Amino acid sequence: MSTTSASGAAATAAAGFDSVPVRRSPLARFTKRAARHPGFMAGAFILAVILVMSIGAPLFTTHDPYAQDISKRLIPPIWHAKGTWEHWLGTDKLGRDYFARLLYGGRISLMIGAATVLLSGAIGTALGVAAGFFGGRVDMVIGYIINVRLALPVVLVALAVAALVGTSLNTVIVVLGLLLWDRFAVVARSTTQQIAHADFVAAARAIGCSTRLIVFSEVLPNIINPLIVVATLEMAHAILLEAALSFLGLGVQPPLPSWGLMISEGKQYMFFSPWVITIPGVALVALVLGINLLGDGLRDVTAPDNRS
Amino acid sequence: MAPFAYGKSMMFAAAAVAGLALPSAAFADKASDTLVYASDSEPENISPYHNNLREGVIIAHLVWDTLIYRNPKTGEYEPELATSWKWIDPVTLELKLRKSVTFQDGSPFTADDVVFTFNYVLTPEAKVVTKQNVEWMAGADKIDDYTVRVRLKGPFPAALEYLSGPTPIYPAAYFKKVGLDGFSKAPIGTGPYRVTAVENGKGVTMEKYKDYFKDSPLGQPAIGKIRFRVIPDGETRMAELMTGGVDWIWRVPKDQAEQLKAVPNITVLSAETMRVGFLQFDAAGRTAADTPMKNEKVRQAVAYAIDRQAMVKNLAGEGARVMHSACFIDQTGCTDDGVPRYEYNPEKAKKLLAEAGYPDGFETDLYAYRERDYAEAVIGYLRAVGIRANLRFLKYAAMREAARAGKVPLEYQTWGSFSVNDASAFTGVWFKENEDDMSRDPKVKALLEKADTTTDTAARKDLYKEALSMIAQKAYLLPLFSYPSNYAFTSDLAFTAQPDELPRFYAAHWK
């Protein structure tokens, strides 16, 4: 955590990370340290590949992920003796191209991950910063809310809500977003507490800055790094939870492709056509591993020099 | 990647878990003379009048007898608990009962038991689940100890069929003593097997009834003990079969059935059943006044959009047939001769949708409760003509309640007619303006009511034909195909399947 700069409110606001007095530009420093971190690079590579392939799905396959041809069901992938190049990852139980479904399903997973993290990040950061900055009763009330939230088992609550409200993509995002904000709040609260008493905050107060300006230009830029790390971990968490909900039949509904749903549907072919469940499973593992590596790396890379 | 190695290790893992969880599984085999059969659901109440599950129907035929027996090979009615019967008039049937039949507690079977059973199930307090099975009767009277008369509410040509199926006979004295609760925990009948234990959530154990009456058309039971185990998960059932934990499973999906054929010591059998899968539309417009399903052209478009032949060939497999009428084609009274048909024609479907005012299709929900693959295939076909259907996959009871409450625009249903070989057992449930009827057309109802009570066979058939044609013409219900059932069992077992979805374990024996 870098809290040494006291160069005035306006300067800090413009600079972002720029609170440690070093000669190199922050971006150059970040790139240099990132390049030397193998975990970060591996995570970034995996995530980039999945991101590019999912977003640019139409460039990588000409198949429609919804187009079924039940006369071509369960074609095995190319490494199997009966595989064909037309469907190189095979087809699913309704003859839909598995590679196309994997790519378009990746979009859903990434979208759910990103949207959930945006929602839960906003909630958690707002609560955490308020608790850390104002302290006292505000802290007590928010601390209580955080404890209540931590006492709720996520999967159970998500299942109950999905069963009551009905299942759809939006429900999944909203439910997960409302459930996964606790770590943001805890981290934002403790880091804000450290910063709230720093000299540059006192200086900003002294020159008459409003509370809003102090929070947005002094506090937030200084706590953003640990929050980004939390965001990556929570994104992986959200993607896994979506897969779990879809696996249990209460997440994304057919015919939308989703990796969790694909794993669930592959279950009944586990004995004799194992690739149906293995392929989305491997994809899910890769995505979650990539995000986690990236998050871990990010934590190391953005840590102050003496702690990396 | 090594998908095969992974698959095998998963298989062993599943088998190991199953073996650990259920040590009693070791008792299933020829050596211990115990047949263990597994299915996915268990009846809420083992008393046959108080459940409407197929698993309950199987137990009903093992533990109880009916008055009349329908020979599954010839379709003829043969004596079972009744030795002979004659119509006194169109609404009175007199039956002579068999002497020297005993219930499994040793008490003799007499006219009192028949009279009590029928009069009891007709009372509202009995809360019979499928009223249609008994409501054609007005009551039963004792003439002497071995003669009874069954009174009908009106002429009912399918009476013998219903007396040979969903109307087992209970022991009057025992039932009066223990009540329904006691009876469902320790039931007694005259049938070839006696229930020794009913364990909720686990299953039912039965053993051979040694004094089963000698002249029974069912024959004498061969296997000493039968255990029914509830295993909800299909993959677990298959793993148990492969590791010897169970001897017999059914409803194996086509793909797995084909693969199981290659497994040594396992026999796979496919047979058609009376179960028909179909789509039901909210033609009465109860979900919303402007629902597309109210439009006849939309419903016809759906009918043209679905390639039922391809579904039969690729999904349902051997033993399935495309159905064109709203009943199972071999049921008495059911016909598709002259009934309008919908071939697979997506172009025509799109044209009809455009004519109906939906050139770009519309979005809707498809409710389903079993065979998710079939429902998803229907969704895929609908999507190809522009109808974007989202799957709502529910438990049967939940779907039934939603449909009865008028919240379902489009439904994937199946109906096995309780193995009653008469068209009334199908049309009577889905079209007589009762709670399961989603189209609610009084003209169809009137025709069907007349058909159900017409005794002249030819006239009856014509009435059904007229009703079925009207149903197809307006596309109130789109029959898809009859269901096959794939049975898989240990090769030590001699088992034959009949086309009515009723496995007869009393006729099975070890090789």
# chains A, B, ... in the order shown; residues from 1 in each chain; ligands from 1

call {"tool": "residues_around", "arguments": {"residues": "Thr190 of chain B", "least_positions_apart": "5", "cutoff": "7 Å", "atoms": "only C-alpha atoms", "output": "ChimeraX atom specification"}}
result
/B:63-65,102-104

call {"tool": "select_by_dssp", "arguments": {"residues": "segment 374-481 of chain B", "states": "alpha helix (DSSP H)", "output": "JSON, numbers by chain"}}
result
{"B": [374, 375, 376, 377, 378, 379, 380, 381, 382, 383, 384, 396, 397, 398, 399, 400, 401, 402, 403, 404, 424, 425, 426, 427, 428, 429, 430, 442, 443, 444, 445, 446, 447, 448, 449, 450, 451, 452, 457, 458, 459, 460, 461, 462, 463, 464, 465, 466, 467, 468, 469, 470, 471, 472, 473]}

call {"tool": "closest_residue", "arguments": {"among": "B:Leu391, B:Val263, B:Ala497, B:Ile249", "to": "Lys73 of chain B", "atoms": "only C-alpha atoms"}}
result
B:Ala497

call {"tool": "atom_distance", "arguments": {"atom1": "atom CA of Ala398 of chain B", "atom2": "atom CA of Tyr374 of chain B"}}
result
19.3 Å

call {"tool": "residues_around", "arguments": {"residues": "Tyr174 of chain B", "least_positions_apart": "4", "cutoff": "10 Å", "atoms": "only C-alpha atoms", "output": "list in words"}}
result
Phe103, Asp105, Ser107, Asp113, Tyr170, Val178, Gly179, Gly182, Phe183, Pro187 and Ile188 of chain B

call {"tool": "write_last_selection", "arguments": {"atoms": "C-alpha atoms", "output": "mmCIF file, in the first residue's frame"}}
result
data_model
loop_
_atom_site.group_PDB
_atom_site.id
_atom_site.type_symbol
_atom_site.label_atom_id
_atom_site.label_comp_id
_atom_site.auth_asym_id
_atom_site.auth_seq_id
_atom_site.Cartn_x
_atom_site.Cartn_y
_atom_site.Cartn_z
ATOM 1 C CA PHE B 103 -55.268 -63.405 1.174
ATOM 2 C CA ASP B 105 -52.685 -63.343 5.951
ATOM 3 C CA SER B 107 -58.106 -65.184 5.429
ATOM 4 C CA ASP B 113 -63.960 -58.140 -0.148
ATOM 5 C CA TYR B 170 -58.472 -55.410 -0.970
ATOM 6 C CA VAL B 178 -55.842 -51.145 10.187
ATOM 7 C CA GLY B 179 -57.206 -48.298 8.050
ATOM 8 C CA GLY B 182 -51.793 -49.168 8.447
ATOM 9 C CA PHE B 183 -52.583 -50.742 5.107
ATOM 10 C CA PRO B 187 -50.388 -54.136 2.770
ATOM 11 C CA ILE B 188 -52.020 -57.485 2.053
#

call {"tool": "interface_residues", "arguments": {"of": "chain A", "to": "chain B", "cutoff": "6 Å", "atoms": "only C-alpha atoms", "output": "list in words"}}
result
Pro254, Phe271, Pro274 and Trp275 of chain A

call {"tool": "write_last_selection", "arguments": {"atoms": "C-alpha atoms", "output": "PDB file, in the first residue's frame"}}
result
ATOM      1  CA  PRO A 254     -31.459 -24.362 -22.349  1.00  0.00           C
ATOM      2  CA  PHE A 271     -19.665 -43.808 -18.989  1.00  0.00           C
ATOM      3  CA  PRO A 274     -16.703 -39.146 -21.635  1.00  0.00           C
ATOM      4  CA  TRP A 275     -15.544 -36.276 -23.849  1.00  0.00           C
TER       5      TRP A 275
END

call {"tool": "residues_around", "arguments": {"residues": "Phe426 of chain B", "least_positions_apart": "3", "cutoff": "9 Å", "atoms": "only C-alpha atoms", "output": "list in words"}}
result
Ala326, Cys327, Phe328, Trp415, Gly416, Ser417, Val420, Asp422, Ala423, Val429, Trp430 and Phe431 of chain B

call {"tool": "residues_around", "arguments": {"residues": "Val49 of chain A", "least_positions_apart": "4", "cutoff": "12 Å", "atoms": "only C-alpha atoms", "output": "list of chain:residue names"}}
result
A:Ala42, A:Gly43, A:Ala44, A:Phe45, A:Met53, A:Ser54, A:Ile55, A:Gly56, A:Ala57, A:Phe60, A:Leu103, A:Gly106, A:Ala283, A:Ala286, A:Leu287, A:Gly290, A:Ile291

call {"tool": "atom_distance", "arguments": {"atom1": "atom CA of Ala271 of chain B", "atom2": "atom CA of Tyr412 of chain B"}}
result
22.0 Å

call {"tool": "residues_around", "arguments": {"residues": "segment 480-484 of chain B", "least_positions_apart": "2", "cutoff": "9 Å", "atoms": "only C-alpha atoms", "output": "PDB file with N, CA and C atoms, in the first residue's frame"}}
result
ATOM      1  N   ARG B 251     -35.926 -47.804 -18.523  1.00  0.00           N
ATOM      2  CA  ARG B 251     -35.853 -46.402 -18.944  1.00  0.00           C
ATOM      3  C   ARG B 251     -34.410 -45.992 -19.205  1.00  0.00           C
ATOM      4  N   SER B 270     -35.551 -53.965 -25.858  1.00  0.00           N
ATOM      5  CA  SER B 270     -36.332 -52.759 -26.155  1.00  0.00           C
ATOM      6  C   SER B 270     -37.755 -53.165 -26.488  1.00  0.00           C
ATOM      7  N   ALA B 271     -38.722 -52.458 -25.941  1.00  0.00           N
ATOM      8  CA  ALA B 271     -40.115 -52.763 -26.264  1.00  0.00           C
ATOM      9  C   ALA B 271     -40.900 -51.475 -26.282  1.00  0.00           C
ATOM     10  N   GLU B 272     -41.917 -51.446 -27.128  1.00  0.00           N
ATOM     11  CA  GLU B 272     -42.786 -50.281 -27.169  1.00  0.00           C
ATOM     12  C   GLU B 272     -43.663 -50.269 -25.920  1.00  0.00           C
ATOM     13  N   THR B 273     -44.070 -49.090 -25.511  1.00  0.00           N
ATOM     14  CA  THR B 273     -45.003 -48.991 -24.394  1.00  0.00           C
ATOM     15  C   THR B 273     -46.225 -48.206 -24.854  1.00  0.00           C
ATOM     16  N   MET B 274     -47.229 -48.119 -23.991  1.00  0.00           N
ATOM     17  CA  MET B 274     -48.430 -47.361 -24.333  1.00  0.00           C
ATOM     18  C   MET B 274     -48.245 -45.877 -24.076  1.00  0.00           C
ATOM     19  N   ARG B 275     -47.084 -45.503 -23.523  1.00  0.00           N
ATOM     20  CA  ARG B 275     -46.857 -44.098 -23.204  1.00  0.00           C
ATOM     21  C   ARG B 275     -46.653 -43.281 -24.483  1.00  0.00           C
ATOM     22  N   VAL B 276     -47.351 -42.167 -24.568  1.00  0.00           N
ATOM     23  CA  VAL B 276     -47.230 -41.288 -25.728  1.00  0.00           C
ATOM     24  C   VAL B 276     -46.730 -39.926 -25.245  1.00  0.00           C
ATOM     25  N   GLY B 277     -45.696 -39.407 -25.914  1.00  0.00           N
ATOM     26  CA  GLY B 277     -45.223 -38.059 -25.630  1.00  0.00           C
ATOM     27  C   GLY B 277     -45.983 -37.085 -26.518  1.00  0.00           C
ATOM     28  N   PHE B 278     -46.349 -35.932 -25.975  1.00  0.00           N
ATOM     29  CA  PHE B 278     -47.112 -34.986 -26.799  1.00  0.00           C
ATOM     30  C   PHE B 278     -46.892 -33.557 -26.333  1.00  0.00           C
ATOM     31  N   LEU B 279     -47.254 -32.619 -27.206  1.00  0.00           N
ATOM     32  CA  LEU B 279     -47.222 -31.204 -26.852  1.00  0.00           C
ATOM     33  C   LEU B 279     -48.652 -30.738 -26.642  1.00  0.00           C
ATOM     34  N   ILE B 306     -41.884 -29.617 -36.397  1.00  0.00           N
ATOM     35  CA  ILE B 306     -41.160 -30.665 -35.669  1.00  0.00           C
ATOM     36  C   ILE B 306     -41.026 -31.929 -36.504  1.00  0.00           C
ATOM     37  N   ARG B 308     -40.853 -35.288 -36.366  1.00  0.00           N
ATOM     38  CA  ARG B 308     -41.085 -36.370 -35.408  1.00  0.00           C
ATOM     39  C   ARG B 308     -40.425 -37.664 -35.855  1.00  0.00           C
ATOM     40  N   GLN B 309     -40.389 -37.864 -37.176  1.00  0.00           N
ATOM     41  CA  GLN B 309     -39.747 -39.074 -37.695  1.00  0.00           C
ATOM     42  C   GLN B 309     -38.270 -39.108 -37.288  1.00  0.00           C
ATOM     43  N   MET B 311     -36.945 -37.571 -34.755  1.00  0.00           N
ATOM     44  CA  MET B 311     -36.848 -37.764 -33.307  1.00  0.00           C
ATOM     45  C   MET B 311     -36.983 -39.238 -32.953  1.00  0.00           C
ATOM     46  N   VAL B 312     -37.921 -39.917 -33.627  1.00  0.00           N
ATOM     47  CA  VAL B 312     -38.096 -41.357 -33.391  1.00  0.00           C
ATOM     48  C   VAL B 312     -36.817 -42.097 -33.762  1.00  0.00           C
ATOM     49  N   ALA B 316     -35.529 -41.414 -29.788  1.00  0.00           N
ATOM     50  CA  ALA B 316     -36.313 -42.415 -29.054  1.00  0.00           C
ATOM     51  C   ALA B 316     -35.809 -43.818 -29.363  1.00  0.00           C
ATOM     52  N   GLY B 317     -35.545 -44.085 -30.621  1.00  0.00           N
ATOM     53  CA  GLY B 317     -34.956 -45.363 -30.989  1.00  0.00           C
ATOM     54  C   GLY B 317     -35.979 -46.466 -31.203  1.00  0.00           C
ATOM     55  N   GLU B 318     -35.454 -47.676 -31.277  1.00  0.00           N
ATOM     56  CA  GLU B 318     -36.224 -48.867 -31.586  1.00  0.00           C
ATOM     57  C   GLU B 318     -37.474 -48.965 -30.705  1.00  0.00           C
ATOM     58  N   GLY B 319     -38.604 -49.292 -31.329  1.00  0.00           N
ATOM     59  CA  GLY B 319     -39.807 -49.502 -30.539  1.00  0.00           C
ATOM     60  C   GLY B 319     -40.701 -48.283 -30.471  1.00  0.00           C
ATOM     61  N   ALA B 320     -40.244 -47.140 -30.963  1.00  0.00           N
ATOM     62  CA  ALA B 320     -41.099 -45.951 -30.940  1.00  0.00           C
ATOM     63  C   ALA B 320     -41.789 -45.796 -32.291  1.00  0.00           C
ATOM     64  N   ARG B 321     -42.988 -45.228 -32.272  1.00  0.00           N
ATOM     65  CA  ARG B 321     -43.716 -44.964 -33.505  1.00  0.00           C
ATOM     66  C   ARG B 321     -44.255 -43.543 -33.466  1.00  0.00           C
ATOM     67  N   VAL B 322     -44.256 -42.876 -34.628  1.00  0.00           N
ATOM     68  CA  VAL B 322     -44.861 -41.544 -34.688  1.00  0.00           C
ATOM     69  C   VAL B 322     -46.360 -41.699 -34.497  1.00  0.00           C
ATOM     70  N   MET B 323     -46.956 -40.844 -33.677  1.00  0.00           N
ATOM     71  CA  MET B 323     -48.398 -40.886 -33.431  1.00  0.00           C
ATOM     72  C   MET B 323     -49.059 -39.699 -34.130  1.00  0.00           C
ATOM     73  N   HIS B 324     -50.237 -39.929 -34.669  1.00  0.00           N
ATOM     74  CA  HIS B 324     -50.957 -38.845 -35.335  1.00  0.00           C
ATOM     75  C   HIS B 324     -52.248 -38.481 -34.616  1.00  0.00           C
ATOM     76  N   PHE B 328     -53.023 -43.666 -27.787  1.00  0.00           N
ATOM     77  CA  PHE B 328     -52.062 -44.658 -28.249  1.00  0.00           C
ATOM     78  C   PHE B 328     -52.767 -45.518 -29.296  1.00  0.00           C
ATOM     79  N   ILE B 329     -52.141 -45.674 -30.443  1.00  0.00           N
ATOM     80  CA  ILE B 329     -52.820 -46.189 -31.636  1.00  0.00           C
ATOM     81  C   ILE B 329     -53.424 -47.578 -31.437  1.00  0.00           C
ATOM     82  N   THR B 414     -46.359 -36.475 -21.173  1.00  0.00           N
ATOM     83  CA  THR B 414     -46.461 -37.863 -21.611  1.00  0.00           C
ATOM     84  C   THR B 414     -47.589 -38.498 -20.819  1.00  0.00           C
ATOM     85  N   LEU B 478     -50.513 -31.979 -29.924  1.00  0.00           N
ATOM     86  CA  LEU B 478     -49.697 -32.571 -30.980  1.00  0.00           C
ATOM     87  C   LEU B 478     -49.051 -33.853 -30.453  1.00  0.00           C
ATOM     88  N   ASN B 486     -36.292 -49.159 -22.732  1.00  0.00           N
ATOM     89  CA  ASN B 486     -35.131 -50.023 -22.815  1.00  0.00           C
ATOM     90  C   ASN B 486     -34.901 -50.638 -21.446  1.00  0.00           C
ATOM     91  N   PRO B 499     -45.834 -54.963 -24.258  1.00  0.00           N
ATOM     92  CA  PRO B 499     -45.896 -53.588 -24.770  1.00  0.00           C
ATOM     93  C   PRO B 499     -46.739 -52.635 -23.922  1.00  0.00           C
ATOM     94  N   GLU B 501     -45.809 -51.420 -20.768  1.00  0.00           N
ATOM     95  CA  GLU B 501     -44.990 -50.745 -19.765  1.00  0.00           C
ATOM     96  C   GLU B 501     -45.220 -51.331 -18.375  1.00  0.00           C
TER      97      GLU B 501
END

call {"tool": "residues_around", "arguments": {"residues": "Gln68 of chain A", "least_positions_apart": "3", "cutoff": "7 Å", "atoms": "only C-alpha atoms", "output": "VMD selection string"}}
result
(chain A and resid 94 to 96) or (chain B and resid 380)

call {"tool": "closest_residue", "arguments": {"among": "A:Val230, A:Arg212, A:Asp199, A:Gly39", "to": "Ser120 of chain A", "atoms": "only C-alpha atoms"}}
result
A:Val230

call {"tool": "closest_residue", "arguments": {"among": "A:Leu156, A:Ala202, A:Gly105, A:Ile46", "to": "Ile263 of chain A", "atoms": "only C-alpha atoms"}}
result
A:Gly105

call {"tool": "closest_residue", "arguments": {"among": "A:Leu74, A:Leu51, A:Val282, A:Ala185", "to": "Gly128 of chain A", "atoms": "only C-alpha atoms"}}
result
A:Ala185

call {"tool": "atom_distance", "arguments": {"atom1": "atom CA of Glu78 of chain B", "atom2": "atom CA of Pro108 of chain B"}}
result
21.6 Å

call {"tool": "decode", "arguments": {"residues": "segment 321-337 of chain B", "atoms": "N, CA and C atoms", "output": "mmCIF file, in the first residue's frame"}}
result
data_model
loop_
_atom_site.group_PDB
_atom_site.id
_atom_site.type_symbol
_atom_site.label_atom_id
_atom_site.label_comp_id
_atom_site.auth_asym_id
_atom_site.auth_seq_id
_atom_site.Cartn_x
_atom_site.Cartn_y
_atom_site.Cartn_z
ATOM 1 N N ARG B 321 -42.988 -45.228 -32.272
ATOM 2 C CA ARG B 321 -43.716 -44.964 -33.505
ATOM 3 C C ARG B 321 -44.255 -43.543 -33.466
ATOM 4 N N VAL B 322 -44.256 -42.876 -34.628
ATOM 5 C CA VAL B 322 -44.861 -41.544 -34.688
ATOM 6 C C VAL B 322 -46.360 -41.699 -34.497
ATOM 7 N N MET B 323 -46.956 -40.844 -33.677
ATOM 8 C CA MET B 323 -48.398 -40.886 -33.431
ATOM 9 C C MET B 323 -49.059 -39.699 -34.130
ATOM 10 N N HIS B 324 -50.237 -39.929 -34.669
ATOM 11 C CA HIS B 324 -50.957 -38.845 -35.335
ATOM 12 C C HIS B 324 -52.248 -38.481 -34.616
ATOM 13 N N SER B 325 -52.701 -39.365 -33.724
ATOM 14 C CA SER B 325 -53.945 -39.124 -32.997
ATOM 15 C C SER B 325 -53.648 -38.952 -31.519
ATOM 16 N N ALA B 326 -54.558 -38.291 -30.824
ATOM 17 C CA ALA B 326 -54.362 -38.008 -29.401
ATOM 18 C C ALA B 326 -54.733 -39.223 -28.554
ATOM 19 N N CYS B 327 -54.056 -40.330 -28.794
ATOM 20 C CA CYS B 327 -54.226 -41.540 -27.995
ATOM 21 C C CYS B 327 -53.143 -42.505 -28.460
ATOM 22 N N PHE B 328 -53.023 -43.666 -27.787
ATOM 23 C CA PHE B 328 -52.062 -44.658 -28.249
ATOM 24 C C PHE B 328 -52.767 -45.518 -29.296
ATOM 25 N N ILE B 329 -52.141 -45.674 -30.443
ATOM 26 C CA ILE B 329 -52.820 -46.189 -31.636
ATOM 27 C C ILE B 329 -53.424 -47.578 -31.437
ATOM 28 N N ASP B 330 -52.859 -48.412 -30.556
ATOM 29 C CA ASP B 330 -53.399 -49.758 -30.375
ATOM 30 C C ASP B 330 -54.526 -49.820 -29.351
ATOM 31 N N GLN B 331 -54.838 -48.700 -28.721
ATOM 32 C CA GLN B 331 -55.948 -48.697 -27.769
ATOM 33 C C GLN B 331 -57.271 -48.882 -28.519
ATOM 34 N N THR B 332 -58.212 -49.586 -27.882
ATOM 35 C CA THR B 332 -59.531 -49.751 -28.478
ATOM 36 C C THR B 332 -60.164 -48.374 -28.679
ATOM 37 N N GLY B 333 -60.659 -48.135 -29.877
ATOM 38 C CA GLY B 333 -61.296 -46.847 -30.145
ATOM 39 C C GLY B 333 -60.348 -45.827 -30.755
ATOM 40 N N CYS B 334 -59.041 -46.044 -30.600
ATOM 41 C CA CYS B 334 -58.074 -45.087 -31.141
ATOM 42 C C CYS B 334 -57.824 -45.379 -32.620
ATOM 43 N N THR B 335 -57.818 -44.341 -33.424
ATOM 44 C CA THR B 335 -57.537 -44.526 -34.849
ATOM 45 C C THR B 335 -56.863 -43.272 -35.393
ATOM 46 N N ASP B 336 -56.018 -43.440 -36.418
ATOM 47 C CA ASP B 336 -55.500 -42.240 -37.082
ATOM 48 C C ASP B 336 -55.895 -42.258 -38.551
ATOM 49 N N ASP B 337 -56.832 -43.176 -38.864
ATOM 50 C CA ASP B 337 -57.325 -43.279 -40.227
ATOM 51 C C ASP B 337 -58.213 -42.069 -40.523
#
